[in-house]
Each structure stands twice: as C-alpha cells, then as structure tokens.
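Colleague: This is the structure, below, for whatever I ask next.
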Amino acid sequence: MRIRENKKFLVLFCMLGFLIGIIYANLMSKDYIASIGIFSDFFLDQYSQAEIDAMEYMWYVIRIRAVPVILIAALGCTMLRKGVTAAFLAWTGFGGGMIMTSAVLKMGIKGLILCLIALTPHFIFYIAGYMVLLWYLYTYPESKWNMAKSVSMVLFITVGVLLECYVNPIIMELFIKTL
C-alpha cells in the first residue's frame with residue numbers, strides 16, 4: 001500500500017508541474033513564446049542541414065546530463081531528499097508543459113509530434129535512470145542504496161546519452177525533412 005502511495009505522489013508532482021507549465025505558457029508568456037525562434041521554419045531548416053560532430057556533441061550531452069544527476073544525488077544526501085525529489089519532478093513537468101505548449105502554439109500538432117520525436121528514444125532511458133535515483137531518495141530510509149541500483153542508473157543514463165548522440169539526430173533529421 002505504501003509503495004502505491006509513493007508512486008502516486010511522484011506522478012502527482014510531475015503532472016502538477018506539467019499543468020502549471022501549460023497554464024504559464026498560455027497565460028503569462030504567450031507573447032514571449034510567439035517571439036522565440038526554436039520552432040520557426042528557419043531554425044528547423046538550419047538544424048536539418050547542420051553537421052553534428054558526434055564526439056563533441058557527446059561530451060556536451062554528458063556535461064548537461066551529468067550535472068543534474070550529481071546535484072540531485074548530492075542534495076539527496078541531506079535532509080532535503082524528499083523535497084529535492086518533489087522539486088525536480090515538478091520542475092521537469094513544468095519545463096515539459098512549457099515546451100509542449102510552445103510547440104503547439106507555434107506549429108500545431110506538428111509541434112507536439114516534433115517534441116515527442118525529439119525525446120525519442122533516449123528519454124525512456126533517462127526516465128528509467130532518474131527513477132532509480134528518485135525512487136530511492138523518496139522512499140529512504142525504507143529502501144537502501146546498493147550496487148545494483150548504481151549499475152542500473154549509470155547504465156540507463158549511459159545508454160540514454162549514446163542514443164541521444166547517435167540515434168536521435170538521425171530521427172530528427174528524417175522528421176524535419178518531412179515537414
């Protein structure tokens with residue numbers, strides 16, 4: 001019973017952040033969203049024509065993916081671990097709500113599909129890796145950290161980085177060319 005409650009709370013934090021992101025994008029920053037160019041035809045055309053150096057891109061992705069994991073793990077060693085978990089999930093949901101809403105406002109249903117393709121296939125592994133860490137932090141002291149959790153988290157994040165660097169650019173290029 002306790003596990004079900006914890007799962008519901010984790011999903012609730014993320015969905016609450018997602019809802020707030022949608023509301024914020026629709027009400028507070030509609031003019032700002034209209035002015036950003038990330039979903040413009042020019043930007044998408046530039047993206048499809050850009051050559052990506054996979055190794056340089058991989059080091060960039062490793063840096064931007066490692067910092068949050070390390071920060072969450074470090075803050076998870078404090079008494080704030082449940083708050084850190086809730087704040088991270090809410091912030092992630094908020095960012096997702098903002099981006100999805102921005103895409104829909106600028107491009108319609110194609111923007112939503114673009115966002116989903118931009119998260120494919122690496123995001124599945126990032127979610128799994130983060131959930132290992134977040135689940136432990138949220139259920140501590142009932143659950144204990146062990147080698148299996150360490151290996152699985154590192155493996156999930158590593159596979160996510162490799163997919164983001166080598167597979168996702170190909171999928172994105174194929175989709176953008178069909179737009």
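Quick note on naming: the chains in the structure tokens go A, B, ... in the order shown, residues restart at 1 in each chain, and ligands are numbered from 1 in order of appearance.
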To test your reading of the structure, identify every residue in segment 76-164 of chain A that backbone DSSP assigns to alpha helix (DSSP H), and report it as number ranges by chain.
Modeller: A: 81-107, 109-118, 122-139, 147-164
Colleague: Any idea what's packed within 6 Å of segment 98-111 of chain A, counting only C-alpha atoms, ignoring anything in its chain fewer than 2 positions away? Could you give it as a count of residues only?
Modeller: 7
Colleague: So that I can see what lies close to Pro169 of chain A, please list as an NGL selection string the residues with an atom at most 12 Å from it, counting only C-alpha atoms and leaving out residues fewer than 2 positions away in the same chain.
Modeller: :A and (47-54 or 57-58 or 117-122 or 162-167 or 171-176)
Colleague: Which one is closest to Val132 of chain A: A:Val159, A:Ile170, A:Ala90, A:Ala73? Count only C-alpha atoms.
Modeller: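 Among A:Val159, A:Ile170, A:Ala90, A:Ala73, it is A:Ala73 that comes nearest to Val132 of chain A.
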Colleague: Any idea what's packed within 10 Å of Met131 of chain A, counting only C-alpha atoms, ignoring anything in its chain fewer than 6 positions away? Could you give it as a PyMOL selection string?
Modeller: chain A and resi 10+85+125+137-138+153
Colleague: Residues as selected, N, CA, C and O atoms, written as a CSV table (one decimal), in the first residue's frame, can you do that?
Modeller:
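Listed below is the output, part.csv:
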chain,number,residue,atom,x,y,z
A,10,LEU,N,4.8,10.7,-6.7
A,10,LEU,CA,5.8,11.1,-7.7
A,10,LEU,C,5.2,11.5,-9.0
A,10,LEU,O,5.6,12.5,-9.6
A,85,THR,N,13.4,15.7,-4.5
A,85,THR,CA,12.8,14.8,-5.4
A,85,THR,C,11.5,15.5,-6.0
A,85,THR,O,11.3,15.5,-7.2
A,125,PHE,N,15.3,6.0,-21.5
A,125,PHE,CA,16.4,5.5,-20.6
A,125,PHE,C,16.7,6.6,-19.5
A,125,PHE,O,17.1,6.2,-18.4
A,137,LEU,N,15.6,8.1,-3.2
A,137,LEU,CA,15.5,9.3,-2.4
A,137,LEU,C,14.2,9.5,-1.7
A,137,LEU,O,14.1,9.9,-0.6
A,138,TYR,N,13.1,9.2,-2.5
A,138,TYR,CA,11.8,9.4,-1.9
A,138,TYR,C,11.4,8.4,-0.9
A,138,TYR,O,10.6,8.7,0.0
A,153,MET,N,21.4,2.6,-12.7
A,153,MET,CA,21.3,4.0,-13.0
A,153,MET,C,22.4,4.5,-14.0
A,153,MET,O,22.1,5.2,-15.0
